[in-house]
>>> print(open('data_22.cif').read())   # mmCIF, C-alpha atoms and all ligand atoms
data_model
#
loop_
_atom_site.label_atom_id
_atom_site.label_comp_id
_atom_site.auth_asym_id
_atom_site.auth_seq_id
_atom_site.Cartn_x
_atom_site.Cartn_y
_atom_site.Cartn_z
CA MET A 1 68.19 -21.91 34.75
CA LYS A 2 66.30 -22.62 31.58
CA ASN A 3 62.74 -21.31 31.67
CA TYR A 4 59.87 -22.18 29.32
CA ARG A 5 56.76 -20.06 28.93
CA ILE A 6 53.65 -22.19 28.58
CA ALA A 7 50.18 -20.97 27.57
CA LEU A 8 47.69 -22.84 29.76
CA LEU A 9 44.25 -23.17 28.22
CA PRO A 10 42.04 -25.15 30.60
CA GLY A 11 38.97 -24.50 28.43
CA ASP A 12 35.70 -26.13 29.43
CA GLY A 13 34.23 -28.79 31.70
CA ILE A 14 36.76 -31.26 33.08
CA GLY A 15 39.43 -29.36 31.10
CA SER A 16 40.10 -27.09 34.06
CA GLU A 17 40.00 -30.01 36.54
CA VAL A 18 42.62 -32.07 34.70
CA MET A 19 44.79 -29.02 33.98
CA GLU A 20 44.76 -27.79 37.57
CA ALA A 21 45.73 -31.30 38.69
CA ALA A 22 48.40 -31.87 36.05
CA TRP A 23 50.19 -28.51 35.99
CA PRO A 24 51.76 -28.76 39.49
CA VAL A 25 53.03 -32.25 38.59
CA LEU A 26 54.79 -30.84 35.54
CA GLN A 27 56.29 -28.04 37.58
CA THR A 28 57.67 -30.55 40.06
CA VAL A 29 59.20 -32.59 37.23
CA ALA A 30 60.81 -29.44 35.84
CA GLU A 31 62.21 -28.41 39.21
CA ARG A 32 63.74 -31.87 39.76
CA GLN A 33 65.31 -31.79 36.29
CA GLY A 34 66.77 -28.30 36.73
CA PHE A 35 64.56 -26.11 34.58
CA SER A 36 61.41 -24.11 35.18
CA LEU A 37 57.97 -23.82 33.62
CA GLU A 38 56.17 -20.50 33.76
CA GLY A 39 52.47 -20.80 33.01
CA ASP A 40 50.02 -18.13 31.88
CA TRP A 41 46.43 -19.22 32.49
CA LEU A 42 44.25 -18.03 29.62
CA PRO A 43 40.50 -18.19 30.28
CA TRP A 44 39.48 -18.75 26.64
CA SER A 45 36.45 -21.03 26.78
CA CYS A 46 32.68 -21.17 26.39
CA ASP A 47 32.41 -19.05 29.55
CA TYR A 48 34.59 -16.46 27.88
CA TYR A 49 32.31 -16.63 24.83
CA LEU A 50 29.23 -15.90 26.93
CA LYS A 51 30.90 -12.77 28.32
CA HIS A 52 32.71 -11.52 25.19
CA GLY A 53 30.93 -13.07 22.20
CA THR A 54 34.12 -14.80 21.00
CA MET A 55 36.07 -17.83 22.23
CA MET A 56 39.31 -15.85 22.42
CA PRO A 57 40.51 -12.29 21.77
CA ALA A 58 40.91 -11.29 18.12
CA ASP A 59 44.71 -11.42 18.48
CA GLY A 60 44.58 -14.75 20.39
CA VAL A 61 46.71 -16.71 17.96
CA GLU A 62 49.25 -13.88 17.85
CA GLN A 63 49.43 -13.91 21.67
CA LEU A 64 50.10 -17.65 21.57
CA ARG A 65 53.08 -17.26 19.25
CA ALA A 66 55.03 -15.72 22.13
CA PHE A 67 54.94 -18.98 24.12
CA ASP A 68 57.17 -22.05 23.92
CA ALA A 69 54.19 -24.40 24.01
CA ILE A 70 50.42 -24.51 24.49
CA TYR A 71 48.92 -26.90 27.03
CA LEU A 72 45.19 -27.38 26.61
CA GLY A 73 42.47 -29.10 28.66
CA ALA A 74 39.25 -29.45 26.66
CA VAL A 75 37.13 -27.22 24.48
CA GLY A 76 33.37 -27.27 24.03
CA LEU A 77 30.31 -27.21 26.25
CA PRO A 78 27.37 -27.74 23.87
CA ALA A 79 24.82 -26.81 26.55
CA THR A 80 26.13 -23.22 26.39
CA VAL A 81 27.81 -22.75 22.98
CA PRO A 82 27.30 -25.02 19.94
CA ASP A 83 30.35 -27.26 19.33
CA HIS A 84 30.80 -26.05 15.76
CA VAL A 85 31.30 -22.52 17.10
CA SER A 86 33.53 -23.31 20.10
CA LEU A 87 35.74 -25.80 18.26
CA ARG A 88 36.08 -23.70 15.13
CA GLU A 89 36.82 -20.46 16.98
CA LEU A 90 39.33 -21.89 19.41
CA LEU A 91 40.79 -25.31 18.55
CA LEU A 92 40.65 -25.08 14.77
CA ALA A 93 41.63 -21.41 14.81
CA ILE A 94 44.79 -22.25 16.75
CA ARG A 95 45.57 -25.33 14.64
CA GLN A 96 45.16 -23.40 11.40
CA GLY A 97 46.67 -20.15 12.66
CA LEU A 98 49.88 -21.90 13.71
CA ASP A 99 49.69 -24.45 10.88
CA LEU A 100 49.88 -27.41 13.26
CA SER A 101 49.74 -29.94 10.44
CA VAL A 102 50.84 -33.04 12.29
CA ASN A 103 48.88 -34.77 15.03
CA ALA A 104 50.88 -37.36 16.95
CA ARG A 105 49.25 -39.78 19.38
CA PRO A 106 51.11 -42.42 21.34
CA HIS A 107 49.10 -45.53 22.09
CA ARG A 108 50.59 -47.78 24.70
CA LEU A 109 49.19 -50.06 27.34
CA LEU A 110 50.66 -48.78 30.61
CA ALA A 111 51.74 -51.23 33.29
CA GLY A 112 48.78 -52.46 35.30
CA VAL A 113 46.15 -51.08 32.94
CA LYS A 114 43.56 -53.56 31.69
CA GLY A 115 42.78 -52.92 28.04
CA PRO A 116 39.86 -54.58 26.27
CA LEU A 117 42.03 -57.09 24.36
CA ARG A 118 42.63 -60.56 25.75
CA THR A 119 46.25 -60.72 24.69
CA ASP A 120 49.65 -60.29 26.21
CA ARG A 121 51.18 -58.98 23.01
CA PRO A 122 52.97 -55.67 23.64
CA PHE A 123 51.00 -52.62 22.53
CA ASP A 124 53.12 -49.53 21.84
CA ILE A 125 52.32 -47.54 18.71
CA LEU A 126 52.83 -43.92 17.69
CA CYS A 127 50.11 -42.80 15.26
CA ILE A 128 50.92 -39.75 13.17
CA ARG A 129 47.93 -38.20 11.49
CA GLU A 130 47.88 -35.53 8.82
CA ASN A 131 45.91 -32.74 10.45
CA THR A 132 45.06 -30.06 7.89
CA GLU A 133 44.00 -31.48 4.52
CA GLY A 134 43.07 -34.84 2.98
CA GLU A 135 39.52 -36.09 3.35
CA TYR A 136 38.64 -33.28 5.81
CA ALA A 137 39.64 -30.45 3.48
CA GLY A 138 35.99 -29.50 3.09
CA ALA A 139 36.12 -29.36 -0.71
CA GLY A 140 33.04 -30.47 -2.62
CA GLY A 141 29.39 -29.64 -2.82
CA ARG A 142 25.87 -30.72 -3.70
CA VAL A 143 23.96 -30.54 -6.96
CA HIS A 144 20.29 -31.17 -7.75
CA ARG A 145 19.60 -30.61 -4.07
CA GLY A 146 16.47 -32.44 -2.92
CA GLY A 147 15.83 -33.98 -6.35
CA GLU A 148 15.97 -37.55 -7.60
CA LEU A 149 19.31 -36.79 -9.23
CA GLU A 150 20.86 -35.29 -6.12
CA VAL A 151 24.62 -35.74 -5.85
CA ALA A 152 26.99 -34.96 -3.01
CA VAL A 153 30.70 -34.72 -3.77
CA GLU A 154 33.42 -34.73 -1.10
CA THR A 155 36.83 -34.14 -2.58
CA ALA A 156 39.94 -35.16 -0.66
CA ILE A 157 42.88 -32.80 -1.15
CA PHE A 158 46.41 -34.16 -0.96
CA THR A 159 49.18 -31.66 -1.64
CA ARG A 160 52.78 -32.62 -2.21
CA ALA A 161 53.87 -30.35 0.64
CA GLY A 162 51.18 -31.67 3.01
CA VAL A 163 51.90 -35.35 2.36
CA GLU A 164 55.64 -34.88 2.42
CA ARG A 165 55.75 -33.06 5.77
CA VAL A 166 53.64 -35.62 7.61
CA LEU A 167 55.64 -38.51 6.16
CA ARG A 168 58.93 -36.82 6.95
CA HIS A 169 57.82 -36.28 10.53
CA GLY A 170 56.91 -39.98 10.67
CA PHE A 171 60.34 -41.03 9.43
CA GLU A 172 62.03 -38.74 11.96
CA GLN A 173 60.00 -40.31 14.75
CA ALA A 174 60.69 -43.83 13.44
CA ARG A 175 64.40 -43.06 13.75
CA LEU A 176 63.93 -42.08 17.38
CA ARG A 177 61.88 -45.21 18.08
CA GLY A 178 62.12 -48.71 16.59
CA GLY A 179 63.24 -47.78 13.06
CA LYS A 180 60.00 -49.08 11.57
CA LEU A 181 57.28 -47.14 9.73
CA ALA A 182 53.87 -48.20 8.49
CA SER A 183 52.42 -46.06 5.71
CA VAL A 184 48.64 -46.29 5.54
CA THR A 185 46.63 -45.93 2.33
CA LYS A 186 43.79 -47.49 0.42
CA SER A 187 45.63 -47.37 -2.88
CA ASN A 188 43.88 -50.45 -4.24
CA ALA A 189 40.58 -48.54 -4.22
CA GLN A 190 41.55 -44.86 -4.29
CA ARG A 191 43.78 -44.65 -7.31
CA HIS A 192 44.64 -40.95 -7.35
CA SER A 193 45.39 -39.64 -3.88
CA MET A 194 46.54 -42.90 -2.36
CA VAL A 195 48.80 -43.90 -5.22
CA PHE A 196 50.28 -40.41 -4.85
CA TRP A 197 50.74 -41.08 -1.12
CA ASP A 198 52.56 -44.33 -1.95
CA GLU A 199 54.85 -42.51 -4.38
CA MET A 200 55.59 -39.83 -1.79
CA THR A 201 56.33 -42.55 0.77
CA ASP A 202 58.93 -44.06 -1.56
CA ARG A 203 60.42 -40.68 -2.29
CA VAL A 204 60.78 -39.67 1.38
CA ALA A 205 61.93 -43.19 2.33
CA ALA A 206 64.95 -42.73 0.07
CA ASP A 207 66.24 -40.16 2.62
CA TYR A 208 65.82 -42.66 5.47
CA PRO A 209 67.48 -45.90 4.37
CA ASP A 210 67.78 -46.91 8.04
CA VAL A 211 63.97 -47.00 8.47
CA ALA A 212 62.07 -50.12 7.37
CA VAL A 213 58.83 -49.17 5.59
CA THR A 214 55.74 -51.32 5.20
CA ARG A 215 52.65 -50.25 3.27
CA TYR A 216 49.29 -51.24 4.69
CA HIS A 217 45.77 -50.72 3.49
CA VAL A 218 43.73 -49.02 6.19
CA ASP A 219 41.34 -51.93 6.68
CA ALA A 220 44.21 -54.39 7.08
CA ILE A 221 46.10 -52.22 9.57
CA ALA A 222 42.93 -51.61 11.60
CA ALA A 223 42.65 -55.37 12.07
CA ARG A 224 46.39 -55.71 12.66
CA MET A 225 46.29 -53.17 15.51
CA ILE A 226 44.07 -55.66 17.29
CA THR A 227 45.55 -59.00 16.24
CA HIS A 228 49.29 -58.24 15.91
CA PRO A 229 49.96 -54.80 17.46
CA GLU A 230 53.53 -55.83 18.34
CA THR A 231 54.41 -55.71 14.62
CA LEU A 232 53.63 -51.97 14.42
CA ASP A 233 55.66 -49.01 15.63
CA VAL A 234 55.20 -45.64 13.88
CA VAL A 235 52.00 -45.46 11.81
CA VAL A 236 51.52 -42.53 9.39
CA ALA A 237 48.06 -41.90 7.97
CA SER A 238 45.84 -39.32 6.33
CA ASN A 239 43.36 -37.17 8.23
CA LEU A 240 40.38 -39.56 8.01
CA PHE A 241 42.33 -42.79 8.33
CA GLY A 242 44.36 -41.37 11.21
CA ASP A 243 41.19 -40.23 12.93
CA ILE A 244 39.78 -43.75 12.88
CA LEU A 245 43.01 -45.57 13.74
CA THR A 246 43.68 -43.30 16.74
CA ASP A 247 40.24 -44.06 18.14
CA ILE A 248 41.04 -47.76 17.91
CA GLY A 249 44.40 -47.04 19.54
CA ALA A 250 42.78 -45.09 22.37
CA ALA A 251 40.30 -47.90 23.00
CA ILE A 252 43.03 -50.55 23.14
CA GLN A 253 45.12 -48.50 25.56
CA GLY A 254 42.27 -48.30 28.06
CA GLY A 255 40.09 -45.46 26.85
CA LEU A 256 39.89 -41.69 26.71
CA GLY A 257 41.34 -41.33 30.19
CA PHE A 258 44.75 -42.22 28.73
CA ALA A 259 44.86 -40.87 25.17
CA ALA A 260 47.16 -37.87 24.65
CA SER A 261 47.85 -35.83 21.57
CA ALA A 262 50.50 -33.45 20.23
CA ASN A 263 49.67 -30.91 17.50
CA ILE A 264 52.90 -29.89 15.85
CA ASN A 265 54.16 -27.67 13.07
CA PRO A 266 57.12 -29.75 11.83
CA ALA A 267 58.76 -26.64 10.35
CA GLY A 268 59.15 -25.29 13.90
CA GLY A 269 59.15 -21.62 14.85
CA VAL A 270 55.71 -21.75 16.48
CA PRO A 271 54.57 -23.41 19.70
CA GLY A 272 53.06 -26.89 19.54
CA MET A 273 49.76 -27.62 21.26
CA PHE A 274 49.49 -30.57 23.65
CA GLU A 275 46.18 -31.92 24.90
CA PRO A 276 44.27 -34.95 26.11
CA VAL A 277 42.15 -36.45 23.33
CA HIS A 278 38.98 -36.43 25.41
CA GLY A 279 36.42 -33.64 25.47
CA SER A 280 34.94 -31.62 28.31
CA ALA A 281 32.91 -34.63 29.58
CA PRO A 282 29.92 -32.64 30.87
CA ASP A 283 28.52 -35.83 32.42
CA ILE A 284 31.27 -35.91 35.07
CA MET A 285 32.35 -32.26 35.29
CA GLY A 286 32.67 -30.78 38.75
CA LEU A 287 32.70 -34.20 40.41
CA GLY A 288 36.47 -34.66 40.69
CA LEU A 289 36.25 -37.99 38.86
CA ALA A 290 38.15 -37.10 35.66
CA ASN A 291 41.25 -39.14 34.89
CA PRO A 292 44.22 -36.71 34.70
CA LEU A 293 46.61 -39.25 33.12
CA ALA A 294 45.83 -38.29 29.50
CA THR A 295 46.63 -34.67 30.36
CA LEU A 296 49.81 -35.69 32.19
CA TRP A 297 50.83 -37.83 29.23
CA ALA A 298 50.20 -34.83 26.95
CA GLY A 299 52.46 -32.90 29.34
CA ALA A 300 55.17 -35.50 28.80
CA LEU A 301 54.79 -35.08 25.03
CA MET A 302 55.18 -31.34 25.52
CA LEU A 303 58.36 -31.74 27.60
CA ARG A 304 59.79 -34.11 24.98
CA HIS A 305 58.97 -31.63 22.22
CA LEU A 306 60.71 -28.87 24.18
CA GLY A 307 63.79 -31.09 24.22
CA GLU A 308 63.48 -32.05 27.89
CA ILE A 309 63.70 -35.78 27.20
CA ALA A 310 64.82 -36.82 30.69
CA ALA A 311 61.92 -34.91 32.24
CA ALA A 312 59.43 -36.50 29.84
CA GLU A 313 60.78 -39.95 30.66
CA ALA A 314 60.74 -39.30 34.41
CA LEU A 315 57.10 -38.22 34.19
CA MET A 316 56.07 -41.29 32.18
CA ALA A 317 57.95 -43.56 34.59
CA ALA A 318 56.11 -41.98 37.53
CA ILE A 319 52.74 -42.37 35.82
CA GLU A 320 53.47 -46.02 35.16
CA LYS A 321 54.70 -46.63 38.67
CA VAL A 322 51.27 -45.52 39.87
CA THR A 323 49.21 -47.45 37.28
CA ALA A 324 51.22 -50.60 38.08
CA THR A 325 49.85 -50.50 41.63
CA GLY A 326 46.28 -50.65 40.32
CA ALA A 327 45.47 -47.22 41.74
CA GLY A 328 43.35 -44.93 39.58
CA THR A 329 40.21 -42.92 38.98
CA PRO A 330 36.79 -44.64 38.59
CA ASP A 331 37.18 -45.06 34.79
CA MET A 332 40.26 -47.18 35.63
CA GLY A 333 38.30 -49.20 38.16
CA GLY A 334 39.87 -47.29 41.05
CA ASP A 335 38.53 -44.93 43.68
CA LEU A 336 40.94 -42.00 43.54
CA SER A 337 39.85 -38.46 42.68
CA THR A 338 41.48 -36.39 39.94
CA THR A 339 43.71 -34.56 42.41
CA GLN A 340 44.55 -37.72 44.39
CA LEU A 341 45.74 -39.52 41.26
CA ALA A 342 47.84 -36.52 40.21
CA ALA A 343 49.29 -36.34 43.74
CA ALA A 344 50.18 -40.04 43.54
CA VAL A 345 52.15 -39.33 40.35
CA THR A 346 54.00 -36.49 42.09
CA ALA A 347 54.82 -38.81 44.97
CA ALA A 348 56.15 -41.40 42.50
CA LEU A 349 58.50 -38.94 40.80
P1 LIG B 401 33.40 -34.04 22.87
O1 LIG B 401 32.35 -33.73 21.88
O2 LIG B 401 34.10 -32.84 23.39
O3 LIG B 401 34.32 -35.12 22.45
P2 LIG B 401 32.00 -36.00 24.36
O4 LIG B 401 31.07 -35.93 25.53
O5 LIG B 401 31.58 -36.62 23.11
O6 LIG B 401 32.57 -34.54 24.14
P3 LIG B 401 34.11 -36.68 26.04
O7 LIG B 401 33.93 -35.39 26.71
O8 LIG B 401 35.49 -37.01 25.67
O9 LIG B 401 33.31 -36.79 24.75
O10 LIG B 401 33.48 -37.84 26.93
C1 LIG B 401 33.13 -39.11 26.44
C2 LIG B 401 32.90 -40.04 27.61
O11 LIG B 401 34.16 -40.39 28.19
C3 LIG B 401 32.06 -39.42 28.72
O12 LIG B 401 31.22 -40.37 29.32
C4 LIG B 401 33.11 -38.96 29.71
O13 LIG B 401 32.65 -38.93 31.03
C5 LIG B 401 34.23 -39.98 29.54
N1 LIG B 401 35.53 -39.34 29.77
C6 LIG B 401 36.13 -38.47 28.92
N2 LIG B 401 37.30 -38.06 29.44
C7 LIG B 401 37.43 -38.65 30.63
C8 LIG B 401 38.43 -38.60 31.65
N3 LIG B 401 39.54 -37.86 31.54
N4 LIG B 401 38.24 -39.34 32.76
C9 LIG B 401 37.15 -40.10 32.89
N5 LIG B 401 36.17 -40.20 31.97
C10 LIG B 401 36.30 -39.48 30.85
MG MG B 402 33.12 -36.81 21.40
#
>>> encode(input="data_22.cif", output="structure tokens")
Amino acid sequence: MKNYRIALLPGDGIGSEVMEAAWPVLQTVAERQGFSLEGDWLPWSCDYYLKHGTMMPADGVEQLRAFDAIYLGAVGLPATVPDHVSLRELLLAIRQGLDLSVNARPHRLLAGVKGPLRTDRPFDILCIRENTEGEYAGAGGRVHRGGELEVAVETAIFTRAGVERVLRHGFEQARLRGGKLASVTKSNAQRHSMVFWDEMTDRVAADYPDVAVTRYHVDAIAARMITHPETLDVVVASNLFGDILTDIGAAIQGGLGFAASANINPAGGVPGMFEPVHGSAPDIMGLGLANPLATLWAGALMLRHLGEIAAAEALMAAIEKVTATGAGTPDMGGDLSTTQLAAAVTAAL
């Protein structure tokens, strides 16, 4: 029987609640589909920091390389460790250490879920965000600090390799989905990096003649996600633009309780990291109120990435069977606890 080794990083706050609820569901899916998942729980978190002075052991990233995938709850508990320390030492360290340059987020309105839009247009988009460079590269500086002539410069970095790999991943995904790709820029205003992005889009598109490409400016596609979401399928965007568009996507799909994310190195050879988009939610931690569906959805992304497509689809079908009944946690307008909702998904499998 095929066995996958998964690094389980519950992290902080509701991270451990959603992970403890979701993991048995994934194991049941695996069992039904004829493979097994072996999880190693790694306690790397703010608690760990308070005991050891670091968020993870010095060889943490090296330890992770031995796994087939990383499944993460949430990182950061600002009441104990400042976010810039916990995120940098754990999340960013893993992302950079394994060069997880692509961030993929599916946005879809599940059956029975009431989104904020008054529309019955289908909403099913896969946003692919460049995760390591672009506007968040951190290049720049300040001159004449504090003076009348003070200047702050933030330089976006777009490398040929970085732009090409995120676009290529987008085209691959478009092939697996509706054969349609939206490339997001602001090339009418940003005439260096975004014109380059357009050129790279054309160049990569030549290898995918079966995929229909449309270029959108980021402002126009932001509006389109709300007015005509059914015209979009795979959306590829830079770090900043992707950050903003995926927040819009998460809002339309019903909020943070649903949004899931895959951090992938498209070159392969290292584990991907799969996580709910939400944080540790200190305001509801320990109350059993956290919605586990984003974590379960992230689990489905992980199974798909491992090549277990049937298992991923069975899990999504079970999730949707439950949401269609109107059952859910309080953020969904329901009265189930985290573990009750996860148990309902298991029952629906
Ligand atoms: P971070 O800085 O880590 O993003 P945050 O507090 O800004 O932390 P979240 O932790 O994601 O962001 O929480 C934002 C809000 O959404 C909170 O009110 C939280 O209770 C709610 N929330 C987040 N995740 C869930 C969830 N899975 N189920 C229910 N409510 C959630
Ligand atoms: Mg936040």
>>> residues_near_point(input="data_22.cif", point="(46.1, -49.1, 39.1)", cutoff="12 Å", atoms="only C-alpha atoms", output="PyMOL selection string")
chain A and resi 110-114+254+291+293+319-336+341+344-345
>>> closest_atom_pairs(input="data_22.cif", of="chain A", to="ligand MG 402 (chain B)", cutoff="10 Å", atoms="all atoms listed in the file", output="JSON lines")
{"residue": "A:Gly76", "atom": "CA", "partner": "B:MG402", "partner_atom": "MG", "distance": 9.9}
{"residue": "A:Leu256", "atom": "CA", "partner": "B:MG402", "partner_atom": "MG", "distance": 9.9}
{"residue": "A:Val277", "atom": "CA", "partner": "B:MG402", "partner_atom": "MG", "distance": 9.2}
{"residue": "A:His278", "atom": "CA", "partner": "B:MG402", "partner_atom": "MG", "distance": 7.1}
{"residue": "A:Gly279", "atom": "CA", "partner": "B:MG402", "partner_atom": "MG", "distance": 6.1}
{"residue": "A:Ser280", "atom": "CA", "partner": "B:MG402", "partner_atom": "MG", "distance": 8.8}
{"residue": "A:Ala281", "atom": "CA", "partner": "B:MG402", "partner_atom": "MG", "distance": 8.5}
>>> closest_residue(input="data_22.cif", among="A:Asp202, A:Glu164, A:Glu89, A:Asp219", to="Trp44 (chain A)", atoms="all atoms listed in the file")
A:Glu89
>>> atom_distance(input="data_22.cif", atom1="CA of Leu240 (chain A)", atom2="CA of Gly162 (chain A)")
14.3 Å
>>> residues_around(input="data_22.cif", residues="Ala21 (chain A)", least_positions_apart="3", cutoff="8 Å", atoms="only C-alpha atoms", output="PyMOL selection string")
chain A and resi 17-18+24-25+292+338-339+342-343
>>> atom_distance(input="data_22.cif", atom1="CA of Pro276 (chain A)", atom2="CA of Ala30 (chain A)")
20.0 Å
>>> residues_around(input="data_22.cif", residues="region 231-234 of chain A", least_positions_apart="4", cutoff="12 Å", atoms="all atoms listed in the file", output="count of residues only")
48
>>> build_atoms(input="data_22.cif", residues="region 101-116 of chain A", atoms="N, CA and C atoms", output="PDB file, in the coordinates of the input")
ATOM      1  N   SER A 101      50.199 -29.001  11.466  1.00  0.00           N
ATOM      2  CA  SER A 101      49.740 -29.940  10.440  1.00  0.00           C
ATOM      3  C   SER A 101      49.902 -31.396  10.812  1.00  0.00           C
ATOM      4  N   VAL A 102      50.605 -31.654  11.904  1.00  0.00           N
ATOM      5  CA  VAL A 102      50.840 -33.040  12.290  1.00  0.00           C
ATOM      6  C   VAL A 102      50.222 -33.298  13.665  1.00  0.00           C
ATOM      7  N   ASN A 103      49.479 -34.386  13.759  1.00  0.00           N
ATOM      8  CA  ASN A 103      48.880 -34.770  15.030  1.00  0.00           C
ATOM      9  C   ASN A 103      49.475 -36.119  15.433  1.00  0.00           C
ATOM     10  N   ALA A 104      50.214 -36.125  16.524  1.00  0.00           N
ATOM     11  CA  ALA A 104      50.880 -37.360  16.950  1.00  0.00           C
ATOM     12  C   ALA A 104      50.224 -37.889  18.218  1.00  0.00           C
ATOM     13  N   ARG A 105      49.889 -39.173  18.205  1.00  0.00           N
ATOM     14  CA  ARG A 105      49.250 -39.780  19.380  1.00  0.00           C
ATOM     15  C   ARG A 105      49.926 -41.101  19.732  1.00  0.00           C
ATOM     16  N   PRO A 106      50.541 -41.153  20.897  1.00  0.00           N
ATOM     17  CA  PRO A 106      51.110 -42.420  21.340  1.00  0.00           C
ATOM     18  C   PRO A 106      50.029 -43.322  21.922  1.00  0.00           C
ATOM     19  N   HIS A 107      50.035 -44.563  21.521  1.00  0.00           N
ATOM     20  CA  HIS A 107      49.100 -45.530  22.090  1.00  0.00           C
ATOM     21  C   HIS A 107      49.917 -46.652  22.706  1.00  0.00           C
ATOM     22  N   ARG A 108      49.800 -46.757  24.011  1.00  0.00           N
ATOM     23  CA  ARG A 108      50.590 -47.780  24.700  1.00  0.00           C
ATOM     24  C   ARG A 108      49.785 -48.248  25.898  1.00  0.00           C
ATOM     25  N   LEU A 109      49.867 -49.526  26.174  1.00  0.00           N
ATOM     26  CA  LEU A 109      49.190 -50.060  27.340  1.00  0.00           C
ATOM     27  C   LEU A 109      50.146 -49.897  28.525  1.00  0.00           C
ATOM     28  N   LEU A 110      49.790 -49.017  29.464  1.00  0.00           N
ATOM     29  CA  LEU A 110      50.660 -48.780  30.610  1.00  0.00           C
ATOM     30  C   LEU A 110      50.607 -49.962  31.559  1.00  0.00           C
ATOM     31  N   ALA A 111      51.676 -50.132  32.330  1.00  0.00           N
ATOM     32  CA  ALA A 111      51.740 -51.230  33.290  1.00  0.00           C
ATOM     33  C   ALA A 111      50.508 -51.220  34.196  1.00  0.00           C
ATOM     34  N   GLY A 112      49.901 -52.345  34.373  1.00  0.00           N
ATOM     35  CA  GLY A 112      48.780 -52.460  35.300  1.00  0.00           C
ATOM     36  C   GLY A 112      47.427 -52.106  34.713  1.00  0.00           C
ATOM     37  N   VAL A 113      47.415 -51.496  33.527  1.00  0.00           N
ATOM     38  CA  VAL A 113      46.150 -51.080  32.940  1.00  0.00           C
ATOM     39  C   VAL A 113      45.541 -52.241  32.152  1.00  0.00           C
ATOM     40  N   LYS A 114      44.260 -52.485  32.403  1.00  0.00           N
ATOM     41  CA  LYS A 114      43.560 -53.560  31.690  1.00  0.00           C
ATOM     42  C   LYS A 114      42.890 -52.998  30.448  1.00  0.00           C
ATOM     43  N   GLY A 115      43.427 -53.312  29.297  1.00  0.00           N
ATOM     44  CA  GLY A 115      42.780 -52.920  28.040  1.00  0.00           C
ATOM     45  C   GLY A 115      41.703 -53.928  27.697  1.00  0.00           C
ATOM     46  N   PRO A 116      40.963 -53.675  26.626  1.00  0.00           N
ATOM     47  CA  PRO A 116      39.860 -54.580  26.270  1.00  0.00           C
ATOM     48  C   PRO A 116      40.319 -55.848  25.549  1.00  0.00           C
TER      49      PRO A 116
END
